[in-house]
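Okay, upload_2.cif is below, mmCIF, C-alpha atoms:
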```
data_target
#
loop_
_atom_site.label_atom_id
_atom_site.label_comp_id
_atom_site.auth_asym_id
_atom_site.auth_seq_id
_atom_site.Cartn_x
_atom_site.Cartn_y
_atom_site.Cartn_z
CA MET A 1 0.00 0.00 0.00
CA ARG A 2 2.79 2.37 1.01
CA THR A 3 4.84 1.53 -2.05
CA LEU A 4 1.82 2.26 -4.21
CA LEU A 5 1.32 5.63 -2.50
CA GLY A 6 5.01 6.47 -3.00
CA VAL A 7 4.84 5.57 -6.69
CA LEU A 8 1.67 7.64 -7.11
CA LEU A 9 3.27 10.62 -5.35
CA ALA A 10 6.40 10.36 -7.53
CA LEU A 11 4.20 10.14 -10.65
CA ALA A 12 2.17 13.18 -9.55
CA LEU A 13 5.35 15.20 -8.94
CA GLY A 14 6.76 14.09 -12.30
CA ALA A 15 3.53 15.11 -14.05
CA LEU A 16 3.61 18.51 -12.32
CA PHE A 17 7.23 19.03 -13.42
CA TRP A 18 6.40 18.02 -17.01
CA TRP A 19 3.37 20.37 -17.08
CA GLY A 20 5.53 23.21 -15.76
CA MET A 21 8.07 22.64 -18.51
CA GLN A 22 5.36 22.52 -21.18
CA THR A 23 3.53 25.67 -20.09
CA LYS A 24 3.90 28.50 -22.59
CA ASP A 25 5.08 31.95 -21.68
CA GLU A 26 2.16 33.17 -19.57
CA ARG A 27 2.50 36.72 -20.88
CA SER A 28 1.18 35.77 -24.32
CA GLU A 29 -1.90 34.24 -22.68
CA LEU A 30 -2.72 37.21 -20.47
CA PRO A 31 -5.72 39.27 -21.49
CA SER A 32 -5.23 42.99 -21.84
CA ALA A 33 -6.37 45.02 -18.84
CA LEU A 34 -7.72 47.39 -21.48
CA ALA A 35 -10.00 44.86 -23.18
CA GLY A 36 -13.27 46.62 -23.96
CA ARG A 37 -11.99 49.93 -22.60
CA ALA A 38 -11.17 53.16 -24.44
CA ALA A 39 -7.75 53.04 -26.11
CA PRO A 40 -5.21 55.33 -24.41
CA THR A 41 -4.27 58.19 -26.66
CA PHE A 42 -0.86 59.71 -27.39
CA ASP A 43 0.69 62.50 -29.39
CA LEU A 44 4.20 61.61 -30.55
CA GLU A 45 6.75 62.59 -33.18
CA LEU A 46 6.74 60.49 -36.32
CA LEU A 47 9.90 58.78 -37.54
CA PRO A 48 11.52 61.05 -40.17
CA GLY A 49 10.63 58.78 -43.12
CA ALA A 50 6.90 59.04 -42.40
CA ARG A 51 6.79 62.84 -42.07
CA THR A 52 6.28 63.65 -45.74
CA ALA A 53 3.05 61.68 -45.85
CA TRP A 54 1.80 62.10 -42.27
CA GLY A 55 3.29 65.33 -40.89
CA GLU A 56 5.64 65.95 -37.95
CA ARG A 57 3.54 64.29 -35.27
CA LEU A 58 0.73 61.81 -34.95
CA ASP A 59 -2.01 62.42 -32.41
CA LEU A 60 -3.94 59.19 -32.03
CA SER A 61 -7.02 61.06 -30.78
CA ASP A 62 -7.37 62.50 -34.33
CA TYR A 63 -8.12 58.96 -35.56
CA LEU A 64 -9.70 57.22 -32.54
CA GLY A 65 -13.42 56.69 -32.96
CA LYS A 66 -13.25 57.33 -36.71
CA LYS A 67 -11.85 54.09 -38.09
CA PRO A 68 -10.43 50.83 -36.72
CA ILE A 69 -6.76 50.90 -35.77
CA ILE A 70 -4.09 48.22 -35.59
CA LEU A 71 -1.44 49.43 -33.16
CA ASN A 72 1.89 47.64 -33.27
CA PHE A 73 4.73 48.10 -30.77
CA TRP A 74 8.18 47.26 -32.10
CA ALA A 75 11.90 48.06 -31.88
CA SER A 76 14.88 47.53 -34.18
CA TRP A 77 16.68 45.61 -31.41
CA CYS A 78 13.81 43.13 -31.17
CA TYR A 79 15.26 40.34 -33.25
CA PRO A 80 13.94 38.07 -34.72
CA ALA A 81 10.29 38.60 -33.68
CA CYS A 82 9.89 42.17 -34.99
CA TYR A 83 11.78 41.29 -38.19
CA GLU A 84 9.50 38.32 -38.81
CA GLU A 85 6.27 40.27 -38.50
CA ALA A 86 7.31 43.50 -40.30
CA PRO A 87 6.62 42.21 -43.86
CA ILE A 88 3.33 40.66 -42.69
CA LEU A 89 2.18 43.98 -41.20
CA GLU A 90 3.19 45.92 -44.31
CA ALA A 91 1.36 43.48 -46.62
CA ALA A 92 -1.80 43.68 -44.47
CA TRP A 93 -1.58 47.50 -44.38
CA ARG A 94 -1.39 47.65 -48.20
CA ARG A 95 -4.43 45.40 -48.41
CA TRP A 96 -6.59 47.10 -45.77
CA LYS A 97 -5.42 50.72 -45.69
CA ASP A 98 -8.70 52.09 -47.01
CA ARG A 99 -10.61 50.65 -44.07
CA VAL A 100 -8.09 50.27 -41.22
CA LEU A 101 -5.32 52.54 -39.95
CA PHE A 102 -2.04 50.89 -38.98
CA VAL A 103 0.18 52.75 -36.51
CA GLY A 104 3.60 51.53 -35.42
CA VAL A 105 5.05 52.62 -32.08
CA ASN A 106 8.82 52.38 -32.12
CA THR A 107 9.70 51.70 -28.49
CA GLN A 108 12.91 52.46 -26.56
CA ASP A 109 14.99 52.63 -29.68
CA GLU A 110 17.33 55.00 -31.51
CA VAL A 111 15.91 57.05 -34.40
CA ASP A 112 18.57 56.09 -36.95
CA LYS A 113 18.25 52.37 -36.19
CA ALA A 114 14.45 52.58 -36.28
CA GLU A 115 14.58 54.46 -39.58
CA LYS A 116 16.92 51.83 -41.05
CA PHE A 117 14.42 49.13 -40.01
CA VAL A 118 11.55 51.00 -41.70
CA GLU A 119 13.60 51.36 -44.91
CA GLN A 120 14.70 47.71 -44.82
CA PHE A 121 11.10 46.50 -44.89
CA GLY A 122 9.70 49.32 -47.01
CA ILE A 123 7.15 50.16 -44.34
CA THR A 124 4.64 52.76 -45.49
CA PHE A 125 2.25 53.00 -42.55
CA PRO A 126 3.00 55.75 -39.98
CA ASN A 127 5.42 54.98 -37.19
CA VAL A 128 5.83 57.16 -34.12
CA TYR A 129 8.92 57.35 -31.96
CA ASP A 130 8.61 56.65 -28.21
CA PRO A 131 12.15 56.51 -26.79
CA ARG A 132 10.95 56.22 -23.17
CA GLY A 133 8.39 53.51 -23.87
CA ARG A 134 5.68 55.50 -22.12
CA VAL A 135 2.88 54.50 -24.49
CA GLY A 136 3.79 50.82 -24.03
CA ILE A 137 3.13 51.13 -20.28
CA ASP A 138 -0.17 52.91 -20.98
CA TYR A 139 -1.20 49.89 -23.02
CA GLY A 140 0.07 47.43 -20.40
CA MET A 141 2.61 46.07 -22.86
CA TYR A 142 4.75 43.15 -21.64
CA GLY A 143 7.43 43.41 -24.31
CA VAL A 144 7.91 44.06 -28.00
CA PRO A 145 6.45 43.07 -30.35
CA GLU A 146 2.85 43.44 -29.30
CA THR A 147 -0.19 44.28 -31.42
CA PHE A 148 -3.51 45.78 -30.34
CA ALA A 149 -6.75 45.87 -32.30
CA ILE A 150 -8.83 49.00 -31.67
CA SER A 151 -12.44 49.12 -32.84
CA ALA A 152 -13.96 51.93 -34.93
CA ASP A 153 -15.49 53.34 -31.74
CA GLY A 154 -12.05 53.58 -30.10
CA ARG A 155 -12.08 50.55 -27.75
CA VAL A 156 -9.28 48.02 -27.37
CA LEU A 157 -10.70 44.70 -28.52
CA GLN A 158 -7.70 42.41 -28.73
CA ARG A 159 -4.07 42.11 -27.79
CA HIS A 160 -1.48 39.82 -29.31
CA ALA A 161 1.90 39.38 -27.62
CA GLY A 162 4.85 38.25 -29.71
CA SER A 163 5.42 38.12 -33.45
CA ILE A 164 2.08 38.18 -35.27
CA GLY A 165 1.32 35.80 -38.12
CA ALA A 166 -0.73 36.67 -41.23
CA GLU A 167 -3.73 34.58 -40.13
CA LYS A 168 -3.93 36.06 -36.65
CA LEU A 169 -3.54 39.59 -38.02
CA GLU A 170 -6.30 38.99 -40.55
CA ALA A 171 -8.56 37.70 -37.76
CA MET A 172 -7.85 40.80 -35.67
CA ILE A 173 -8.60 43.09 -38.61
CA ARG A 174 -11.88 41.32 -39.35
CA GLU A 175 -12.88 41.64 -35.70
CA VAL A 176 -12.45 45.43 -35.70
CA LEU A 177 -14.04 46.08 -39.06
CA PRO A 178 -17.42 47.79 -38.59
CA MET B 1 55.00 61.53 -1.08
CA LYS B 2 53.68 61.31 -4.61
CA ARG B 3 53.13 57.57 -4.20
CA TRP B 4 51.03 58.14 -1.05
CA LEU B 5 48.91 60.62 -2.94
CA TRP B 6 48.19 58.03 -5.64
CA VAL B 7 47.29 55.38 -3.03
CA LEU B 8 44.91 57.86 -1.38
CA ILE B 9 43.24 58.71 -4.71
CA LEU B 10 42.88 55.00 -5.54
CA ALA B 11 41.38 54.19 -2.12
CA LEU B 12 38.90 57.04 -2.38
CA GLY B 13 37.98 55.94 -5.89
CA LEU B 14 37.34 52.35 -4.77
CA ALA B 15 35.24 53.51 -1.81
CA GLY B 16 33.24 55.76 -4.14
CA ALA B 17 32.69 52.96 -6.66
CA GLN B 18 31.33 50.66 -3.92
CA THR B 19 28.89 53.29 -2.69
CA VAL B 20 27.61 53.90 -6.20
CA GLY B 21 27.02 50.17 -6.75
CA ASN B 22 24.93 49.71 -3.62
CA GLU B 23 22.74 52.78 -3.81
CA PRO B 24 19.96 53.78 -6.17
CA PRO B 25 20.88 56.29 -8.87
CA PRO B 26 21.07 59.79 -7.36
CA ASP B 27 18.16 61.11 -9.45
CA LEU B 28 15.65 58.66 -7.97
CA SER B 29 14.69 58.59 -4.31
CA PRO B 30 14.72 55.35 -2.26
CA GLN B 31 10.92 55.69 -2.05
CA VAL B 32 10.75 55.08 -5.81
CA PHE B 33 12.56 51.77 -5.33
CA GLU B 34 10.34 50.86 -2.35
CA ILE B 35 7.27 51.17 -4.59
CA ALA B 36 9.00 49.54 -7.59
CA LYS B 37 9.79 46.54 -5.36
CA LYS B 38 6.04 45.87 -5.12
CA LEU B 39 5.68 45.67 -8.91
CA ARG B 40 6.78 42.96 -11.30
CA CYS B 41 9.11 43.59 -14.20
CA PRO B 42 6.83 42.88 -17.21
CA VAL B 43 9.63 41.49 -19.39
CA CYS B 44 11.55 39.44 -16.81
CA ARG B 45 10.89 36.33 -14.77
CA GLY B 46 10.94 36.59 -10.99
CA GLU B 47 12.36 40.11 -10.86
CA SER B 48 10.73 43.18 -9.42
CA ALA B 49 10.66 46.54 -11.18
CA ALA B 50 13.21 47.75 -8.62
CA GLU B 51 15.89 45.15 -9.40
CA SER B 52 15.55 44.85 -13.15
CA SER B 53 17.64 46.89 -15.57
CA ALA B 54 15.21 46.36 -18.48
CA GLY B 55 14.18 49.49 -20.36
CA VAL B 56 10.53 49.14 -19.40
CA THR B 57 11.36 49.04 -15.67
CA GLU B 58 13.57 52.11 -16.03
CA GLU B 59 10.52 53.89 -17.43
CA MET B 60 8.30 52.47 -14.67
CA ARG B 61 10.69 53.86 -12.02
CA ARG B 62 10.76 57.20 -13.83
CA GLN B 63 6.95 57.32 -13.88
CA ILE B 64 6.82 56.41 -10.17
CA ALA B 65 9.21 59.30 -9.44
CA GLU B 66 7.06 61.67 -11.51
CA MET B 67 3.86 60.58 -9.75
CA LEU B 68 5.49 60.99 -6.33
CA ALA B 69 6.56 64.49 -7.34
CA GLU B 70 2.92 65.19 -8.28
CA GLY B 71 1.95 64.20 -4.73
CA LYS B 72 0.33 60.85 -5.53
CA SER B 73 0.21 58.23 -2.78
CA GLU B 74 1.80 54.77 -2.98
CA ASP B 75 -1.63 53.15 -3.35
CA GLU B 76 -2.56 55.47 -6.21
CA ILE B 77 0.72 54.71 -8.00
CA ILE B 78 0.28 50.96 -7.62
CA GLN B 79 -3.32 51.26 -8.84
CA TYR B 80 -2.03 53.13 -11.92
CA PHE B 81 -0.01 50.06 -12.94
CA VAL B 82 -2.79 47.60 -11.96
CA ASP B 83 -5.18 49.55 -14.25
CA ARG B 84 -2.80 48.92 -17.13
CA TYR B 85 -1.49 45.42 -16.38
CA THR B 86 -4.17 43.87 -14.12
CA GLU B 87 -3.12 42.46 -10.74
CA TRP B 88 -0.53 40.37 -12.59
CA ILE B 89 1.82 43.33 -12.14
CA LEU B 90 1.82 42.98 -8.34
CA TYR B 91 5.05 41.30 -7.19
CA GLU B 92 3.21 39.66 -4.31
CA PRO B 93 -0.22 38.21 -5.12
CA PRO B 94 -3.11 39.92 -3.31
CA LYS B 95 -4.27 38.14 -0.14
CA ARG B 96 -7.75 37.35 -1.48
CA GLY B 97 -9.42 35.14 -4.08
CA LEU B 98 -6.98 32.91 -5.96
CA GLY B 99 -4.07 34.92 -4.53
CA LEU B 100 -5.04 33.68 -1.08
CA VAL B 101 -4.37 30.10 -2.22
CA VAL B 102 -0.78 31.07 -3.01
CA TRP B 103 -0.37 32.49 0.49
CA LEU B 104 -2.09 29.59 2.27
CA ALA B 105 -0.55 26.75 0.25
CA PRO B 106 2.83 26.78 2.06
CA VAL B 107 1.11 26.87 5.49
CA LEU B 108 -1.19 24.04 4.44
CA GLY B 109 1.78 22.12 3.01
CA LEU B 110 3.76 22.58 6.21
CA GLY B 111 0.75 21.50 8.29
CA LEU B 112 0.31 18.32 6.22
CA PHE B 113 4.05 17.62 6.41
CA GLY B 114 3.97 18.10 10.20
CA LEU B 115 0.98 15.78 10.49
CA GLY B 116 2.71 13.13 8.37
CA LEU B 117 5.93 13.45 10.38
CA PHE B 118 4.02 13.20 13.67
CA GLY B 119 2.23 10.06 12.46
CA TYR B 120 5.49 8.49 11.29
CA LEU B 121 7.35 9.27 14.53
CA LYS B 122 4.46 7.97 16.62
CA ALA B 123 4.38 4.71 14.68
CA ALA B 124 8.17 4.38 14.94
CA ALA B 125 8.04 4.93 18.73
CA ARG B 126 5.31 2.31 19.05
CA ARG B 127 7.35 -0.19 17.04
CA ALA B 128 10.41 0.49 19.20
CA ALA B 129 8.39 0.03 22.40
CA GLU B 130 6.97 -3.25 21.11
CA SER B 131 10.38 -4.59 20.26
CA GLU B 132 11.68 -3.59 23.69
CA ALA B 133 8.84 -5.29 25.58
CA VAL B 134 9.93 -8.87 26.45
CA SER B 135 7.44 -11.32 27.85
CA ASP B 136 8.06 -13.09 31.25
CA ASP B 137 8.36 -16.47 29.53
CA GLU B 138 10.96 -15.12 27.15
CA LEU B 139 12.88 -13.56 30.05
CA ALA B 140 12.83 -16.81 32.01
CA ARG B 141 14.04 -18.70 28.96
CA VAL B 142 16.91 -16.29 28.40
CA GLU B 143 17.87 -16.38 32.07
CA ALA B 144 17.80 -20.17 32.00
CA GLU B 145 20.02 -20.14 28.92
CA LEU B 146 22.47 -17.79 30.62
CA GLY B 147 22.43 -19.87 33.78
CA ARG B 148 23.28 -22.93 31.75
CA GLU B 149 26.21 -21.16 30.13
CA ASP B 150 27.53 -20.15 33.55
CA VAL B 151 27.88 -23.81 34.50
CA PRO B 152 31.34 -24.95 33.50
#
```
If you took the structure in this file and wrote it as structure tokens, what would it be?
Amino acid sequence: MRTLLGVLLALALGALFWWGMQTKDERSELPSALAGRAAPTFDLELLPGARTAWGERLDLSDYLGKKPIILNFWASWCYPACYEEAPILEAAWRRWKDRVLFVGVNTQDEVDKAEKFVEQFGITFPNVYDPRGRVGIDYGMYGVPETFAISADGRVLQRHAGSIGAEKLEAMIREVLP
Amino acid sequence: MKRWLWVLILALGLAGAQTVGNEPPPDLSPQVFEIAKKLRCPVCRGESAAESSAGVTEEMRRQIAEMLAEGKSEDEIIQYFVDRYTEWILYEPPKRGLGLVVWLAPVLGLGLFGLGLFGYLKAAARRAAESEAVSDDELARVEAELGREDVP
């Protein structure tokens, strides 16, 4: 009887250890504290390459509540995740730009490195520069890259932590479309 | 004389370097670190926002300092981060709901361990007492055996 109990206890501990090793990074599973709430606004300088088309600064409140927004936090030092998703984001922007606004928030980076990243991937959607990472904290961001889907009425509907794939991005866009 | 001067400069430099390493940066008050200690670093594992050198925690400490300068209380500052990150951001889980389980589990575990240990020790003591108890017949037999051996 005792031997059986010992074996069962060892098996239970082994199973617990295995489960712990299998568990994914909890941060990607966490819901956003902002889910369903109004998206925090910001007014930041645009990266130099985007200024011709979008002006010196981008004030998110000018766009909130007018059309859906896909907000993506990234940095040039975030390798490989940000490098993997950059072409996917640009392709989706080209496809959906009439109906959805894409805004990139370059976080805790250097302007020249960020600009080089934008040129490397031929990114045409507006990217603001947030060297302190203040906006990331306002959105409860755990780490770059992270993508938020904001509805046409200005509420945060979804959050995706980590590099975003084409399918997931498409699903997020469809969810925010009016 | 010159050599002594160099030794003095070196000693002062070493003392200065040690002080710098153990104290928070001069632009942030110890109160900032006290509050940051109660918050998790969002990009690390098992580190508080006070210990981590990640960029996001630097910004968190800076925001704490700014809010303190604005006259906000510790509770208001912590709530500011909870509003953005949920209670996940608290370094120590709250003592209610599911968080209470985390606090009670070690006490419960220790209690169960103590109970198990008590049971085991009690059983061991009983076994020892049983093995020590020798019946009268057995004693008489052993004495008889010994008596026989004494006879040359």
Check what the PyMOL selection byres ((chain B) within 10 of (chain A)) selects in the file above and give those residues as an mmCIF file with C-alpha atoms, in the frame of the given file.
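expr_5.cif, freshly written:
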```cif
data_model
loop_
_atom_site.group_PDB
_atom_site.id
_atom_site.type_symbol
_atom_site.label_atom_id
_atom_site.label_comp_id
_atom_site.auth_asym_id
_atom_site.auth_seq_id
_atom_site.Cartn_x
_atom_site.Cartn_y
_atom_site.Cartn_z
ATOM 1 C CA CYS B 41 9.110 43.590 -14.200
ATOM 2 C CA PRO B 42 6.830 42.880 -17.210
ATOM 3 C CA VAL B 43 9.630 41.490 -19.390
ATOM 4 C CA CYS B 44 11.550 39.440 -16.810
ATOM 5 C CA GLY B 55 14.180 49.490 -20.360
ATOM 6 C CA VAL B 56 10.530 49.140 -19.400
ATOM 7 C CA THR B 57 11.360 49.040 -15.670
ATOM 8 C CA GLU B 58 13.570 52.110 -16.030
ATOM 9 C CA GLU B 59 10.520 53.890 -17.430
ATOM 10 C CA MET B 60 8.300 52.470 -14.670
ATOM 11 C CA ARG B 62 10.760 57.200 -13.830
ATOM 12 C CA GLN B 63 6.950 57.320 -13.880
ATOM 13 C CA TYR B 80 -2.030 53.130 -11.920
ATOM 14 C CA PHE B 81 -0.010 50.060 -12.940
ATOM 15 C CA VAL B 82 -2.790 47.600 -11.960
ATOM 16 C CA ASP B 83 -5.180 49.550 -14.250
ATOM 17 C CA ARG B 84 -2.800 48.920 -17.130
ATOM 18 C CA TYR B 85 -1.490 45.420 -16.380
ATOM 19 C CA THR B 86 -4.170 43.870 -14.120
ATOM 20 C CA GLU B 87 -3.120 42.460 -10.740
ATOM 21 C CA TRP B 88 -0.530 40.370 -12.590
ATOM 22 C CA ILE B 89 1.820 43.330 -12.140
#
```
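With only C-alpha atoms as the atoms that count, the minimum distance from Asp59 of chain A to the choices A:Ala171, A:Val128, A:Leu4, A:Ala12 is reached by A:Val128.
Of note, atom CA of Leu117 of chain B and atom CA of Leu8 of chain A are spaced 18.9 Å apart.
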Since I can't run it myself right now, could you work out what the PyMOL selection byres ((chain A and resi 154) around 7) selects here and report it as a list in words?
Ala38, Ala39, Leu64, Gly65, Ile150, Ser151, Ala152, Asp153, Arg155 and Val156 of chain A
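Reported to one decimal place, the separation of atom CA of Gly104 of chain A from atom CA of Asn72 of chain A is 4.8 Å.
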Starting from the PyMOL selection byres ((chain A and resi 117) around 10), expand the selection into actual residues of this file and give them as an mmCIF file with C-alpha atoms, in the coordinates of the input.
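Saved file expr_30.cif follows:
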```cif
data_model
loop_
_atom_site.group_PDB
_atom_site.id
_atom_site.type_symbol
_atom_site.label_atom_id
_atom_site.label_comp_id
_atom_site.auth_asym_id
_atom_site.auth_seq_id
_atom_site.Cartn_x
_atom_site.Cartn_y
_atom_site.Cartn_z
ATOM 1 C CA ALA A 75 11.900 48.060 -31.880
ATOM 2 C CA SER A 76 14.880 47.530 -34.180
ATOM 3 C CA TRP A 77 16.680 45.610 -31.410
ATOM 4 C CA CYS A 82 9.890 42.170 -34.990
ATOM 5 C CA TYR A 83 11.780 41.290 -38.190
ATOM 6 C CA ALA A 86 7.310 43.500 -40.300
ATOM 7 C CA VAL A 111 15.910 57.050 -34.400
ATOM 8 C CA ASP A 112 18.570 56.090 -36.950
ATOM 9 C CA LYS A 113 18.250 52.370 -36.190
ATOM 10 C CA ALA A 114 14.450 52.580 -36.280
ATOM 11 C CA GLU A 115 14.580 54.460 -39.580
ATOM 12 C CA LYS A 116 16.920 51.830 -41.050
ATOM 13 C CA VAL A 118 11.550 51.000 -41.700
ATOM 14 C CA GLU A 119 13.600 51.360 -44.910
ATOM 15 C CA GLN A 120 14.700 47.710 -44.820
ATOM 16 C CA PHE A 121 11.100 46.500 -44.890
ATOM 17 C CA GLY A 122 9.700 49.320 -47.010
ATOM 18 C CA ILE A 123 7.150 50.160 -44.340
#
```
With distances taken over only C-alpha atoms, which residue among B:Arg141, B:Arg127, B:Arg61, B:Lys95 lies nearest Ile77 of chain B?
B:Arg61
Can you tell me how far atom CA of Tyr91 of chain B sits from atom CA of Val135 of chain A, in Å to one decimal?
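Rounded to one decimal, the two atoms are 21.9 Å apart.
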With all atoms listed in the file as the counted atoms, please give the residues lying no more than 12 Å from Ser29 of chain B, apart from itself and same-chain residues fewer than 6 positions off, as JSON, numbers by chain.
{"B": [23, 35, 36, 50, 61, 62, 64, 65, 66, 68, 69]}
Only N, CA and C atoms needed: put segment 48-70 of chain A from the block into a file as a PDB file, in the first residue's frame.
```
ATOM      1  N   PRO A  48      11.311  60.105 -39.059  1.00  0.00           N
ATOM      2  CA  PRO A  48      11.519  61.045 -40.175  1.00  0.00           C
ATOM      3  C   PRO A  48      10.948  60.577 -41.521  1.00  0.00           C
ATOM      4  N   GLY A  49      11.081  59.285 -41.822  1.00  0.00           N
ATOM      5  CA  GLY A  49      10.627  58.778 -43.118  1.00  0.00           C
ATOM      6  C   GLY A  49       9.135  58.915 -43.352  1.00  0.00           C
ATOM      7  N   ALA A  50       8.360  58.999 -42.264  1.00  0.00           N
ATOM      8  CA  ALA A  50       6.896  59.042 -42.403  1.00  0.00           C
ATOM      9  C   ALA A  50       6.368  60.470 -42.448  1.00  0.00           C
ATOM     10  N   ARG A  51       7.263  61.463 -42.238  1.00  0.00           N
ATOM     11  CA  ARG A  51       6.788  62.845 -42.065  1.00  0.00           C
ATOM     12  C   ARG A  51       6.230  63.467 -43.347  1.00  0.00           C
ATOM     13  N   THR A  52       6.759  63.071 -44.488  1.00  0.00           N
ATOM     14  CA  THR A  52       6.275  63.645 -45.744  1.00  0.00           C
ATOM     15  C   THR A  52       4.794  63.333 -45.922  1.00  0.00           C
ATOM     16  N   ALA A  53       4.438  62.089 -45.631  1.00  0.00           N
ATOM     17  CA  ALA A  53       3.052  61.682 -45.854  1.00  0.00           C
ATOM     18  C   ALA A  53       2.132  62.004 -44.685  1.00  0.00           C
ATOM     19  N   TRP A  54       2.663  62.015 -43.444  1.00  0.00           N
ATOM     20  CA  TRP A  54       1.800  62.098 -42.267  1.00  0.00           C
ATOM     21  C   TRP A  54       2.020  63.335 -41.396  1.00  0.00           C
ATOM     22  N   GLY A  55       3.020  64.144 -41.718  1.00  0.00           N
ATOM     23  CA  GLY A  55       3.290  65.328 -40.894  1.00  0.00           C
ATOM     24  C   GLY A  55       4.342  65.061 -39.829  1.00  0.00           C
ATOM     25  N   GLU A  56       4.592  66.054 -38.977  1.00  0.00           N
ATOM     26  CA  GLU A  56       5.638  65.954 -37.953  1.00  0.00           C
ATOM     27  C   GLU A  56       5.254  65.002 -36.819  1.00  0.00           C
ATOM     28  N   ARG A  57       3.992  65.069 -36.427  1.00  0.00           N
ATOM     29  CA  ARG A  57       3.537  64.293 -35.273  1.00  0.00           C
ATOM     30  C   ARG A  57       2.275  63.514 -35.609  1.00  0.00           C
ATOM     31  N   LEU A  58       1.996  62.525 -34.778  1.00  0.00           N
ATOM     32  CA  LEU A  58       0.727  61.811 -34.948  1.00  0.00           C
ATOM     33  C   LEU A  58      -0.001  61.835 -33.603  1.00  0.00           C
ATOM     34  N   ASP A  59      -1.185  62.391 -33.611  1.00  0.00           N
ATOM     35  CA  ASP A  59      -2.007  62.420 -32.406  1.00  0.00           C
ATOM     36  C   ASP A  59      -3.093  61.360 -32.602  1.00  0.00           C
ATOM     37  N   LEU A  60      -3.012  60.309 -31.820  1.00  0.00           N
ATOM     38  CA  LEU A  60      -3.938  59.192 -32.025  1.00  0.00           C
ATOM     39  C   LEU A  60      -5.394  59.625 -31.858  1.00  0.00           C
ATOM     40  N   SER A  61      -5.628  60.636 -31.019  1.00  0.00           N
ATOM     41  CA  SER A  61      -7.023  61.060 -30.782  1.00  0.00           C
ATOM     42  C   SER A  61      -7.668  61.618 -32.059  1.00  0.00           C
ATOM     43  N   ASP A  62      -6.821  62.029 -33.048  1.00  0.00           N
ATOM     44  CA  ASP A  62      -7.374  62.495 -34.328  1.00  0.00           C
ATOM     45  C   ASP A  62      -8.033  61.348 -35.104  1.00  0.00           C
ATOM     46  N   TYR A  63      -7.630  60.117 -34.801  1.00  0.00           N
ATOM     47  CA  TYR A  63      -8.121  58.956 -35.561  1.00  0.00           C
ATOM     48  C   TYR A  63      -9.044  58.055 -34.741  1.00  0.00           C
ATOM     49  N   LEU A  64      -8.883  58.095 -33.399  1.00  0.00           N
ATOM     50  CA  LEU A  64      -9.702  57.225 -32.540  1.00  0.00           C
ATOM     51  C   LEU A  64     -11.181  57.547 -32.701  1.00  0.00           C
ATOM     52  N   GLY A  65     -11.974  56.491 -32.836  1.00  0.00           N
ATOM     53  CA  GLY A  65     -13.420  56.689 -32.965  1.00  0.00           C
ATOM     54  C   GLY A  65     -13.853  56.995 -34.384  1.00  0.00           C
ATOM     55  N   LYS A  66     -12.889  57.047 -35.307  1.00  0.00           N
ATOM     56  CA  LYS A  66     -13.248  57.328 -36.709  1.00  0.00           C
ATOM     57  C   LYS A  66     -13.096  56.086 -37.579  1.00  0.00           C
ATOM     58  N   LYS A  67     -12.020  55.345 -37.355  1.00  0.00           N
ATOM     59  CA  LYS A  67     -11.846  54.089 -38.089  1.00  0.00           C
ATOM     60  C   LYS A  67     -11.078  53.095 -37.219  1.00  0.00           C
ATOM     61  N   PRO A  68     -11.165  51.798 -37.534  1.00  0.00           N
ATOM     62  CA  PRO A  68     -10.434  50.826 -36.723  1.00  0.00           C
ATOM     63  C   PRO A  68      -8.919  51.051 -36.841  1.00  0.00           C
ATOM     64  N   ILE A  69      -8.209  50.688 -35.782  1.00  0.00           N
ATOM     65  CA  ILE A  69      -6.757  50.897 -35.770  1.00  0.00           C
ATOM     66  C   ILE A  69      -6.050  49.606 -35.334  1.00  0.00           C
ATOM     67  N   ILE A  70      -4.976  49.299 -36.029  1.00  0.00           N
ATOM     68  CA  ILE A  70      -4.086  48.218 -35.592  1.00  0.00           C
ATOM     69  C   ILE A  70      -2.830  48.921 -35.085  1.00  0.00           C
TER      70      ILE A  70
END
```
